[in-house]
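Remarks on the structure that follows.
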Amino acid sequence: MRLTSVQLVRFGKWSTQFSNLPERYIQRAMNQVYWRNPIGPQYKPKAVIQRKKFYFGLHRPWTLEFKNQNQPGVYKPLVLVEPIKEWSFFRGDRVEVLVGKDKGKQGIVKSVIQERNWVTVEGLNCKLKNLGQDDKRDFEGVYIQEEQPLLVTTEVALVDPSDLKATAYEWRYTEEGEKVRVSARTGRIIPIPATAQETKDYKTKATYIEQPKDTIASEVAEVTFEPKLCTFEMDIMEKMNIKEDRIPPKSFWY
């Protein structure tokens, strides 16, 4: 089995889950530059030495907790993650826990950490966490329950909605060409929950109300660029109906 390092940054749909943040912002938030050559034509080509290996935990890359875990010069032990070709667990899925004190119990997926093949299940696999303990003020703090991550490969299983039992699954295509998850035991479709599309800005994409500063969706979807085999100058001349009548002189290169 081929393993890959979790430190390889894998941006995309699930790294930005529940945030609606552009990937370029996340790259800036994670960026740690150790050295960069000065600006100027005499300092070409551009050279940058920056951090490439990060430790991924329960905190998302744009949060302060992630920055504290990946402070400059601090490197945590290497973590190996089994690569998953096609991600099949989404926020809102009903799953069954296969290990630990909550083995056999079912719950709803609360968050997805694809960089570590993790999911957290709401109210299951919890541990007590102390907040605000201060010995100087004789304050014992407050204990809260915090969900711990579970591996999607061995520690949780999807639940078949037809009989509410754990099942293996596989991806198939419907007659309409839609790709769906199907229970290997009953052959029933396991639909992707609507919660998977929920973000901080909207519950569903259909209910989102465009704001005054937003770019209108119709303008975003409009195709305004047509690729052509011509230069920028030739394109301008075509738009302005300028015809090229000049004949370039012959040139010889030795």
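By convention here, the chains of the structure tokens are called A, B, ... in the order presented, each chain's residues are numbered starting at 1, and ligands are numbered starting at 1 in the order presented.
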
- Contact residues around region 177-191 of chain A with only C-alpha atoms at 8 Å, ignoring same-chain residues under 4 positions, as a list in words: Ser88, Asp160, Pro161, Ser162, Thr167, Ala168, Tyr169, Glu170, Trp171, Arg172 and Tyr173 of chain A

Export of the given selection (all heavy atoms) as a CSV table (one decimal), in the first residue's frame:
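The file below, again31.csv, is the result:
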```csv
chain,number,residue,atom,x,y,z
A,88,SER,N,-16.0,9.9,0.0
A,88,SER,CA,-17.4,9.5,0.0
A,88,SER,C,-18.1,9.8,1.2
A,88,SER,O,-19.3,9.4,1.4
A,88,SER,CB,-17.4,8.0,-0.3
A,88,SER,OG,-16.7,7.6,-1.4
A,160,ASP,N,-27.2,2.6,5.7
A,160,ASP,CA,-28.2,2.5,4.6
A,160,ASP,C,-29.5,3.1,5.1
A,160,ASP,O,-30.0,2.7,6.1
A,160,ASP,CB,-28.4,1.0,4.3
A,160,ASP,CG,-29.2,0.8,3.0
A,160,ASP,OD1,-30.0,1.7,2.7
A,160,ASP,OD2,-29.0,-0.2,2.3
A,161,PRO,N,-30.0,4.1,4.4
A,161,PRO,CA,-31.2,4.8,4.9
A,161,PRO,C,-32.5,3.9,4.8
A,161,PRO,O,-33.5,4.2,5.5
A,161,PRO,CB,-31.3,6.0,3.9
A,161,PRO,CG,-30.6,5.6,2.7
A,161,PRO,CD,-29.5,4.7,3.2
A,162,SER,N,-32.4,2.8,4.1
A,162,SER,CA,-33.6,2.0,4.0
A,162,SER,C,-33.8,1.1,5.2
A,162,SER,O,-35.0,0.8,5.6
A,162,SER,CB,-33.5,1.1,2.7
A,162,SER,OG,-32.4,0.2,2.8
A,167,THR,N,-23.4,-0.4,6.2
A,167,THR,CA,-23.2,-1.1,4.9
A,167,THR,C,-22.0,-0.6,4.2
A,167,THR,O,-21.5,0.6,4.4
A,167,THR,CB,-24.5,-0.9,4.0
A,167,THR,OG1,-24.3,-1.6,2.8
A,167,THR,CG2,-24.7,0.6,3.7
A,168,ALA,N,-21.5,-1.5,3.3
A,168,ALA,CA,-20.4,-1.0,2.4
A,168,ALA,C,-21.2,-0.3,1.2
A,168,ALA,O,-22.4,-0.4,1.1
A,168,ALA,CB,-19.7,-2.2,1.9
A,169,TYR,N,-20.4,0.4,0.5
A,169,TYR,CA,-21.0,1.2,-0.6
A,169,TYR,C,-20.1,1.2,-1.8
A,169,TYR,O,-18.9,0.8,-1.8
A,169,TYR,CB,-21.2,2.7,-0.1
A,169,TYR,CG,-19.9,3.4,0.2
A,169,TYR,CD1,-19.2,4.1,-0.8
A,169,TYR,CD2,-19.3,3.3,1.5
A,169,TYR,CE1,-18.0,4.7,-0.5
A,169,TYR,CE2,-18.1,3.9,1.8
A,169,TYR,CZ,-17.5,4.6,0.8
A,169,TYR,OH,-16.3,5.2,1.1
A,170,GLU,N,-20.6,1.7,-2.9
A,170,GLU,CA,-19.9,1.9,-4.1
A,170,GLU,C,-20.5,3.0,-5.0
A,170,GLU,O,-21.7,3.3,-4.8
A,170,GLU,CB,-19.7,0.6,-4.9
A,170,GLU,CG,-21.1,0.0,-5.3
A,170,GLU,CD,-20.9,-1.3,-6.0
A,170,GLU,OE1,-19.8,-1.9,-6.0
A,170,GLU,OE2,-21.9,-1.8,-6.6
A,171,TRP,N,-19.7,3.6,-5.8
A,171,TRP,CA,-20.2,4.7,-6.7
A,171,TRP,C,-20.7,4.1,-8.0
A,171,TRP,O,-20.0,3.3,-8.6
A,171,TRP,CB,-19.1,5.7,-6.9
A,171,TRP,CG,-18.8,6.6,-5.8
A,171,TRP,CD1,-17.9,6.4,-4.8
A,171,TRP,CD2,-19.5,7.8,-5.4
A,171,TRP,NE1,-17.9,7.5,-3.9
A,171,TRP,CE2,-18.9,8.3,-4.2
A,171,TRP,CE3,-20.6,8.5,-6.0
A,171,TRP,CZ2,-19.3,9.5,-3.6
A,171,TRP,CZ3,-21.0,9.7,-5.4
A,171,TRP,CH2,-20.4,10.2,-4.2
A,172,ARG,N,-21.9,4.5,-8.4
A,172,ARG,CA,-22.5,4.1,-9.7
A,172,ARG,C,-23.1,5.3,-10.4
A,172,ARG,O,-23.3,6.3,-9.8
A,172,ARG,CB,-23.5,3.0,-9.4
A,172,ARG,CG,-23.0,1.7,-8.8
A,172,ARG,CD,-24.1,0.7,-8.7
A,172,ARG,NE,-23.7,-0.5,-8.0
A,172,ARG,CZ,-24.5,-1.5,-7.6
A,172,ARG,NH1,-25.8,-1.5,-7.9
A,172,ARG,NH2,-24.0,-2.6,-7.0
A,173,TYR,N,-23.5,5.0,-11.6
A,173,TYR,CA,-24.2,6.0,-12.4
A,173,TYR,C,-25.6,5.6,-12.6
A,173,TYR,O,-25.9,4.5,-12.9
A,173,TYR,CB,-23.5,6.2,-13.7
A,173,TYR,CG,-22.2,6.9,-13.6
A,173,TYR,CD1,-21.0,6.2,-13.5
A,173,TYR,CD2,-22.1,8.3,-13.6
A,173,TYR,CE1,-19.8,6.9,-13.4
A,173,TYR,CE2,-20.9,9.0,-13.5
A,173,TYR,CZ,-19.7,8.2,-13.4
A,173,TYR,OH,-18.5,8.9,-13.3
```

Could you pull out the strand (DSSP E or B) residues of region 55-175 of chain A, going by DSSP on the backbone, and write them as a PDB file with N, CA, C and O atoms, in the first residue's frame?
```pdb
ATOM      1  N   LEU A  80       1.602   9.851   8.272  1.00  0.00           N
ATOM      2  CA  LEU A  80       1.314   9.214   6.992  1.00  0.00           C
ATOM      3  C   LEU A  80      -0.171   8.953   6.878  1.00  0.00           C
ATOM      4  O   LEU A  80      -0.811   8.475   7.821  1.00  0.00           O
ATOM      5  N   VAL A  81      -0.711   9.259   5.709  1.00  0.00           N
ATOM      6  CA  VAL A  81      -2.146   9.126   5.480  1.00  0.00           C
ATOM      7  C   VAL A  81      -2.378   8.261   4.253  1.00  0.00           C
ATOM      8  O   VAL A  81      -1.729   8.455   3.218  1.00  0.00           O
ATOM      9  N   ARG A  94     -25.315  10.015   7.889  1.00  0.00           N
ATOM     10  CA  ARG A  94     -25.495   9.165   9.071  1.00  0.00           C
ATOM     11  C   ARG A  94     -24.499   8.019   8.983  1.00  0.00           C
ATOM     12  O   ARG A  94     -24.469   7.289   7.987  1.00  0.00           O
ATOM     13  N   VAL A  95     -23.675   7.871  10.032  1.00  0.00           N
ATOM     14  CA  VAL A  95     -22.649   6.829  10.053  1.00  0.00           C
ATOM     15  C   VAL A  95     -22.751   6.048  11.354  1.00  0.00           C
ATOM     16  O   VAL A  95     -23.356   6.500  12.332  1.00  0.00           O
ATOM     17  N   GLU A  96     -22.142   4.870  11.355  1.00  0.00           N
ATOM     18  CA  GLU A  96     -22.072   4.025  12.547  1.00  0.00           C
ATOM     19  C   GLU A  96     -20.619   3.922  12.987  1.00  0.00           C
ATOM     20  O   GLU A  96     -19.732   3.657  12.175  1.00  0.00           O
ATOM     21  N   VAL A  97     -20.389   4.123  14.296  1.00  0.00           N
ATOM     22  CA  VAL A  97     -19.038   4.038  14.853  1.00  0.00           C
ATOM     23  C   VAL A  97     -18.680   2.574  15.043  1.00  0.00           C
ATOM     24  O   VAL A  97     -19.462   1.793  15.591  1.00  0.00           O
ATOM     25  N   GLN A 106     -24.940   5.201  16.250  1.00  0.00           N
ATOM     26  CA  GLN A 106     -25.032   5.954  15.003  1.00  0.00           C
ATOM     27  C   GLN A 106     -25.163   7.441  15.291  1.00  0.00           C
ATOM     28  O   GLN A 106     -25.736   7.838  16.309  1.00  0.00           O
ATOM     29  N   GLY A 107     -24.612   8.233  14.403  1.00  0.00           N
ATOM     30  CA  GLY A 107     -24.679   9.684  14.561  1.00  0.00           C
ATOM     31  C   GLY A 107     -24.491  10.378  13.227  1.00  0.00           C
ATOM     32  O   GLY A 107     -24.302   9.740  12.192  1.00  0.00           O
ATOM     33  N   ILE A 108     -24.536  11.704  13.280  1.00  0.00           N
ATOM     34  CA  ILE A 108     -24.432  12.531  12.082  1.00  0.00           C
ATOM     35  C   ILE A 108     -23.028  13.114  11.993  1.00  0.00           C
ATOM     36  O   ILE A 108     -22.484  13.605  12.988  1.00  0.00           O
ATOM     37  N   VAL A 109     -22.448  13.066  10.795  1.00  0.00           N
ATOM     38  CA  VAL A 109     -21.117  13.625  10.579  1.00  0.00           C
ATOM     39  C   VAL A 109     -21.187  15.132  10.778  1.00  0.00           C
ATOM     40  O   VAL A 109     -21.958  15.831  10.138  1.00  0.00           O
ATOM     41  N   LYS A 110     -20.368  15.637  11.690  1.00  0.00           N
ATOM     42  CA  LYS A 110     -20.365  17.053  12.033  1.00  0.00           C
ATOM     43  C   LYS A 110     -19.369  17.846  11.202  1.00  0.00           C
ATOM     44  O   LYS A 110     -19.647  18.981  10.792  1.00  0.00           O
ATOM     45  N   SER A 111     -18.190  17.291  10.966  1.00  0.00           N
ATOM     46  CA  SER A 111     -17.170  17.977  10.179  1.00  0.00           C
ATOM     47  C   SER A 111     -16.314  16.951   9.454  1.00  0.00           C
ATOM     48  O   SER A 111     -16.250  15.783   9.843  1.00  0.00           O
ATOM     49  N   VAL A 112     -15.670  17.405   8.397  1.00  0.00           N
ATOM     50  CA  VAL A 112     -14.832  16.557   7.554  1.00  0.00           C
ATOM     51  C   VAL A 112     -13.436  17.166   7.490  1.00  0.00           C
ATOM     52  O   VAL A 112     -13.289  18.347   7.182  1.00  0.00           O
ATOM     53  N   ILE A 113     -12.418  16.371   7.801  1.00  0.00           N
ATOM     54  CA  ILE A 113     -11.025  16.790   7.686  1.00  0.00           C
ATOM     55  C   ILE A 113     -10.372  15.850   6.671  1.00  0.00           C
ATOM     56  O   ILE A 113      -9.804  14.817   7.022  1.00  0.00           O
ATOM     57  N   TRP A 118     -10.321  12.131   8.203  1.00  0.00           N
ATOM     58  CA  TRP A 118     -11.069  12.183   9.459  1.00  0.00           C
ATOM     59  C   TRP A 118     -12.482  12.696   9.238  1.00  0.00           C
ATOM     60  O   TRP A 118     -12.740  13.492   8.336  1.00  0.00           O
ATOM     61  N   VAL A 119     -13.361  12.241  10.117  1.00  0.00           N
ATOM     62  CA  VAL A 119     -14.670  12.865  10.309  1.00  0.00           C
ATOM     63  C   VAL A 119     -14.928  12.916  11.806  1.00  0.00           C
ATOM     64  O   VAL A 119     -14.423  12.077  12.564  1.00  0.00           O
ATOM     65  N   THR A 120     -15.708  13.880  12.239  1.00  0.00           N
ATOM     66  CA  THR A 120     -16.178  13.906  13.624  1.00  0.00           C
ATOM     67  C   THR A 120     -17.673  13.677  13.610  1.00  0.00           C
ATOM     68  O   THR A 120     -18.382  14.210  12.746  1.00  0.00           O
ATOM     69  N   VAL A 121     -18.142  12.865  14.548  1.00  0.00           N
ATOM     70  CA  VAL A 121     -19.558  12.502  14.617  1.00  0.00           C
ATOM     71  C   VAL A 121     -20.178  13.221  15.805  1.00  0.00           C
ATOM     72  O   VAL A 121     -19.648  13.176  16.924  1.00  0.00           O
ATOM     73  N   CYS A 126     -16.434  11.242  22.233  1.00  0.00           N
ATOM     74  CA  CYS A 126     -16.085  12.515  22.872  1.00  0.00           C
ATOM     75  C   CYS A 126     -15.092  12.306  24.008  1.00  0.00           C
ATOM     76  O   CYS A 126     -14.970  11.219  24.568  1.00  0.00           O
ATOM     77  N   LYS A 127     -14.394  13.366  24.357  1.00  0.00           N
ATOM     78  CA  LYS A 127     -13.561  13.393  25.549  1.00  0.00           C
ATOM     79  C   LYS A 127     -13.781  14.726  26.246  1.00  0.00           C
ATOM     80  O   LYS A 127     -14.152  15.727  25.606  1.00  0.00           O
ATOM     81  N   LEU A 128     -13.556  14.740  27.554  1.00  0.00           N
ATOM     82  CA  LEU A 128     -13.744  15.961  28.327  1.00  0.00           C
ATOM     83  C   LEU A 128     -12.550  16.884  28.145  1.00  0.00           C
ATOM     84  O   LEU A 128     -11.399  16.451  28.192  1.00  0.00           O
ATOM     85  N   LYS A 129     -12.845  18.157  27.964  1.00  0.00           N
ATOM     86  CA  LYS A 129     -11.794  19.164  27.792  1.00  0.00           C
ATOM     87  C   LYS A 129     -12.022  20.275  28.798  1.00  0.00           C
ATOM     88  O   LYS A 129     -13.136  20.772  28.949  1.00  0.00           O
ATOM     89  N   ASN A 130     -10.960  20.653  29.497  1.00  0.00           N
ATOM     90  CA  ASN A 130     -11.052  21.697  30.515  1.00  0.00           C
ATOM     91  C   ASN A 130     -10.743  23.050  29.909  1.00  0.00           C
ATOM     92  O   ASN A 130      -9.734  23.221  29.219  1.00  0.00           O
ATOM     93  N   LEU A 131     -11.616  24.008  30.171  1.00  0.00           N
ATOM     94  CA  LEU A 131     -11.433  25.363  29.661  1.00  0.00           C
ATOM     95  C   LEU A 131     -11.366  26.352  30.827  1.00  0.00           C
ATOM     96  O   LEU A 131     -12.187  26.300  31.737  1.00  0.00           O
ATOM     97  N   ASP A 134      -7.565  28.074  36.215  1.00  0.00           N
ATOM     98  CA  ASP A 134      -6.615  29.074  36.706  1.00  0.00           C
ATOM     99  C   ASP A 134      -6.343  28.798  38.180  1.00  0.00           C
ATOM    100  O   ASP A 134      -7.194  29.043  39.042  1.00  0.00           O
ATOM    101  N   PHE A 139      -9.731  28.781  40.336  1.00  0.00           N
ATOM    102  CA  PHE A 139     -10.863  28.466  39.456  1.00  0.00           C
ATOM    103  C   PHE A 139     -10.574  27.153  38.741  1.00  0.00           C
ATOM    104  O   PHE A 139      -9.561  27.008  38.059  1.00  0.00           O
ATOM    105  N   VAL A 142     -14.092  24.985  33.341  1.00  0.00           N
ATOM    106  CA  VAL A 142     -15.345  24.381  32.880  1.00  0.00           C
ATOM    107  C   VAL A 142     -15.010  23.216  31.958  1.00  0.00           C
ATOM    108  O   VAL A 142     -14.157  23.334  31.069  1.00  0.00           O
ATOM    109  N   TYR A 143     -15.655  22.104  32.172  1.00  0.00           N
ATOM    110  CA  TYR A 143     -15.440  20.925  31.338  1.00  0.00           C
ATOM    111  C   TYR A 143     -16.508  20.855  30.253  1.00  0.00           C
ATOM    112  O   TYR A 143     -17.703  21.017  30.517  1.00  0.00           O
ATOM    113  N   ILE A 144     -16.047  20.620  29.043  1.00  0.00           N
ATOM    114  CA  ILE A 144     -16.968  20.444  27.915  1.00  0.00           C
ATOM    115  C   ILE A 144     -16.618  19.147  27.205  1.00  0.00           C
ATOM    116  O   ILE A 144     -15.503  18.634  27.320  1.00  0.00           O
ATOM    117  N   GLN A 145     -17.589  18.616  26.475  1.00  0.00           N
ATOM    118  CA  GLN A 145     -17.339  17.424  25.678  1.00  0.00           C
ATOM    119  C   GLN A 145     -16.931  17.841  24.267  1.00  0.00           C
ATOM    120  O   GLN A 145     -17.580  18.672  23.641  1.00  0.00           O
ATOM    121  N   GLU A 146     -15.844  17.256  23.794  1.00  0.00           N
ATOM    122  CA  GLU A 146     -15.333  17.591  22.469  1.00  0.00           C
ATOM    123  C   GLU A 146     -15.225  16.319  21.629  1.00  0.00           C
ATOM    124  O   GLU A 146     -14.619  15.332  22.057  1.00  0.00           O
ATOM    125  N   GLU A 147     -15.851  16.337  20.443  1.00  0.00           N
ATOM    126  CA  GLU A 147     -15.796  15.171  19.560  1.00  0.00           C
ATOM    127  C   GLU A 147     -14.387  14.953  19.046  1.00  0.00           C
ATOM    128  O   GLU A 147     -13.711  15.902  18.646  1.00  0.00           O
ATOM    129  N   LEU A 150     -12.454  10.431  13.787  1.00  0.00           N
ATOM    130  CA  LEU A 150     -12.514   9.003  13.473  1.00  0.00           C
ATOM    131  C   LEU A 150     -12.061   8.806  12.033  1.00  0.00           C
ATOM    132  O   LEU A 150     -12.421   9.592  11.154  1.00  0.00           O
ATOM    133  N   LEU A 151     -11.292   7.749  11.794  1.00  0.00           N
ATOM    134  CA  LEU A 151     -10.827   7.453  10.449  1.00  0.00           C
ATOM    135  C   LEU A 151     -11.967   6.881   9.611  1.00  0.00           C
ATOM    136  O   LEU A 151     -12.672   5.966  10.048  1.00  0.00           O
ATOM    137  N   VAL A 156     -15.461   4.154  10.928  1.00  0.00           N
ATOM    138  CA  VAL A 156     -16.867   4.491  10.718  1.00  0.00           C
ATOM    139  C   VAL A 156     -17.355   3.806   9.444  1.00  0.00           C
ATOM    140  O   VAL A 156     -16.563   3.434   8.580  1.00  0.00           O
ATOM    141  N   ALA A 157     -18.679   3.637   9.357  1.00  0.00           N
ATOM    142  CA  ALA A 157     -19.293   3.046   8.172  1.00  0.00           C
ATOM    143  C   ALA A 157     -20.580   3.802   7.853  1.00  0.00           C
ATOM    144  O   ALA A 157     -21.290   4.241   8.764  1.00  0.00           O
ATOM    145  N   LEU A 158     -20.859   3.954   6.580  1.00  0.00           N
ATOM    146  CA  LEU A 158     -22.098   4.608   6.170  1.00  0.00           C
ATOM    147  C   LEU A 158     -23.304   3.759   6.560  1.00  0.00           C
ATOM    148  O   LEU A 158     -23.227   2.526   6.617  1.00  0.00           O
ATOM    149  N   VAL A 159     -24.424   4.417   6.807  1.00  0.00           N
ATOM    150  CA  VAL A 159     -25.653   3.737   7.193  1.00  0.00           C
ATOM    151  C   VAL A 159     -26.616   3.752   6.011  1.00  0.00           C
ATOM    152  O   VAL A 159     -26.827   4.794   5.379  1.00  0.00           O
ATOM    153  N   ASP A 160     -27.166   2.582   5.716  1.00  0.00           N
ATOM    154  CA  ASP A 160     -28.159   2.464   4.638  1.00  0.00           C
ATOM    155  C   ASP A 160     -29.464   3.106   5.102  1.00  0.00           C
ATOM    156  O   ASP A 160     -30.024   2.697   6.126  1.00  0.00           O
ATOM    157  N   LYS A 165     -28.905   0.332   8.843  1.00  0.00           N
ATOM    158  CA  LYS A 165     -27.824  -0.554   9.242  1.00  0.00           C
ATOM    159  C   LYS A 165     -26.562  -0.185   8.465  1.00  0.00           C
ATOM    160  O   LYS A 165     -26.639   0.290   7.336  1.00  0.00           O
ATOM    161  N   ALA A 166     -25.406  -0.415   9.106  1.00  0.00           N
ATOM    162  CA  ALA A 166     -24.137  -0.099   8.455  1.00  0.00           C
ATOM    163  C   ALA A 166     -23.961  -0.958   7.216  1.00  0.00           C
ATOM    164  O   ALA A 166     -24.354  -2.131   7.183  1.00  0.00           O
ATOM    165  N   TYR A 169     -20.406   0.418   0.461  1.00  0.00           N
ATOM    166  CA  TYR A 169     -21.008   1.234  -0.595  1.00  0.00           C
ATOM    167  C   TYR A 169     -20.099   1.235  -1.815  1.00  0.00           C
ATOM    168  O   TYR A 169     -18.937   0.826  -1.769  1.00  0.00           O
ATOM    169  N   GLU A 170     -20.640   1.699  -2.913  1.00  0.00           N
ATOM    170  CA  GLU A 170     -19.858   1.905  -4.122  1.00  0.00           C
ATOM    171  C   GLU A 170     -20.523   2.993  -4.950  1.00  0.00           C
ATOM    172  O   GLU A 170     -21.719   3.264  -4.798  1.00  0.00           O
ATOM    173  N   TRP A 171     -19.723   3.628  -5.802  1.00  0.00           N
ATOM    174  CA  TRP A 171     -20.233   4.694  -6.664  1.00  0.00           C
ATOM    175  C   TRP A 171     -20.719   4.094  -7.981  1.00  0.00           C
ATOM    176  O   TRP A 171     -20.028   3.288  -8.598  1.00  0.00           O
ATOM    177  N   ARG A 172     -21.921   4.513  -8.376  1.00  0.00           N
ATOM    178  CA  ARG A 172     -22.486   4.069  -9.658  1.00  0.00           C
ATOM    179  C   ARG A 172     -23.121   5.254 -10.370  1.00  0.00           C
ATOM    180  O   ARG A 172     -23.254   6.340  -9.811  1.00  0.00           O
ATOM    181  N   TYR A 173     -23.526   5.005 -11.589  1.00  0.00           N
ATOM    182  CA  TYR A 173     -24.199   6.025 -12.388  1.00  0.00           C
ATOM    183  C   TYR A 173     -25.649   5.622 -12.633  1.00  0.00           C
ATOM    184  O   TYR A 173     -25.945   4.452 -12.918  1.00  0.00           O
TER     185      TYR A 173
END
```

- Message: One decimal, in Å: what's the spacing between CA of Gln148 (chain A) and CA of Leu58 (chain A)?
- Response: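 CA of Leu58 (chain A) lies 8.7 Å from CA of Gln148 (chain A).
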
Name the residues in contact with Pro72 (chain A) at a cut-off of 8 Å, using only C-alpha atoms, excluding same-chain residues fewer than 2 positions from it; report them as a PDB file with C-alpha atoms, in the first residue's frame.
```pdb
ATOM      1  CA  GLN A  32       5.349  31.216   5.820  1.00  0.00           C
ATOM      2  CA  ASN A  70       2.428  25.436  12.728  1.00  0.00           C
ATOM      3  CA  VAL A  74       8.242  24.204  14.746  1.00  0.00           C
TER       4      VAL A  74
END
```

- Message: Could you check the closest approach to Leu98 (chain A) for each of A:Ile242, A:Val79, A:Val223, A:Leu124 and tell me which residue wins, using only C-alpha atoms?
- Response: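 Using only C-alpha atoms, Leu98 (chain A) sits closest to A:Leu124.
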
- Given the choices A:Ser218, A:Gln69, A:Gln50, A:Thr153, which gets closest to Glu82 (chain A) if the distance is worked out from only C-alpha atoms?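 For Glu82 (chain A), the nearest of the candidates is A:Thr153.
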
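The interatomic distance for the pair CA of Tyr75 (chain A) and CA of Ile49 (chain A) works out to 16.0 Å.
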
- Message: Considering only helix (DSSP H, G or I) as DSSP defines it on the backbone, what residues of region 144-216 of chain A qualify? List them as a count of residues only.
- Response: 7

- Query: From the list A:Gly100, A:Pro248, A:Gly92, A:Pro149, which residue is nearest Ala196 (chain A) when using only C-alpha atoms?
  - Reply: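 So, comparing all the options, the nearest one is A:Gly92.
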
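Across the structure, CA of Lys200 (chain A) and CA of Glu222 (chain A) are spaced 26.2 Å apart.
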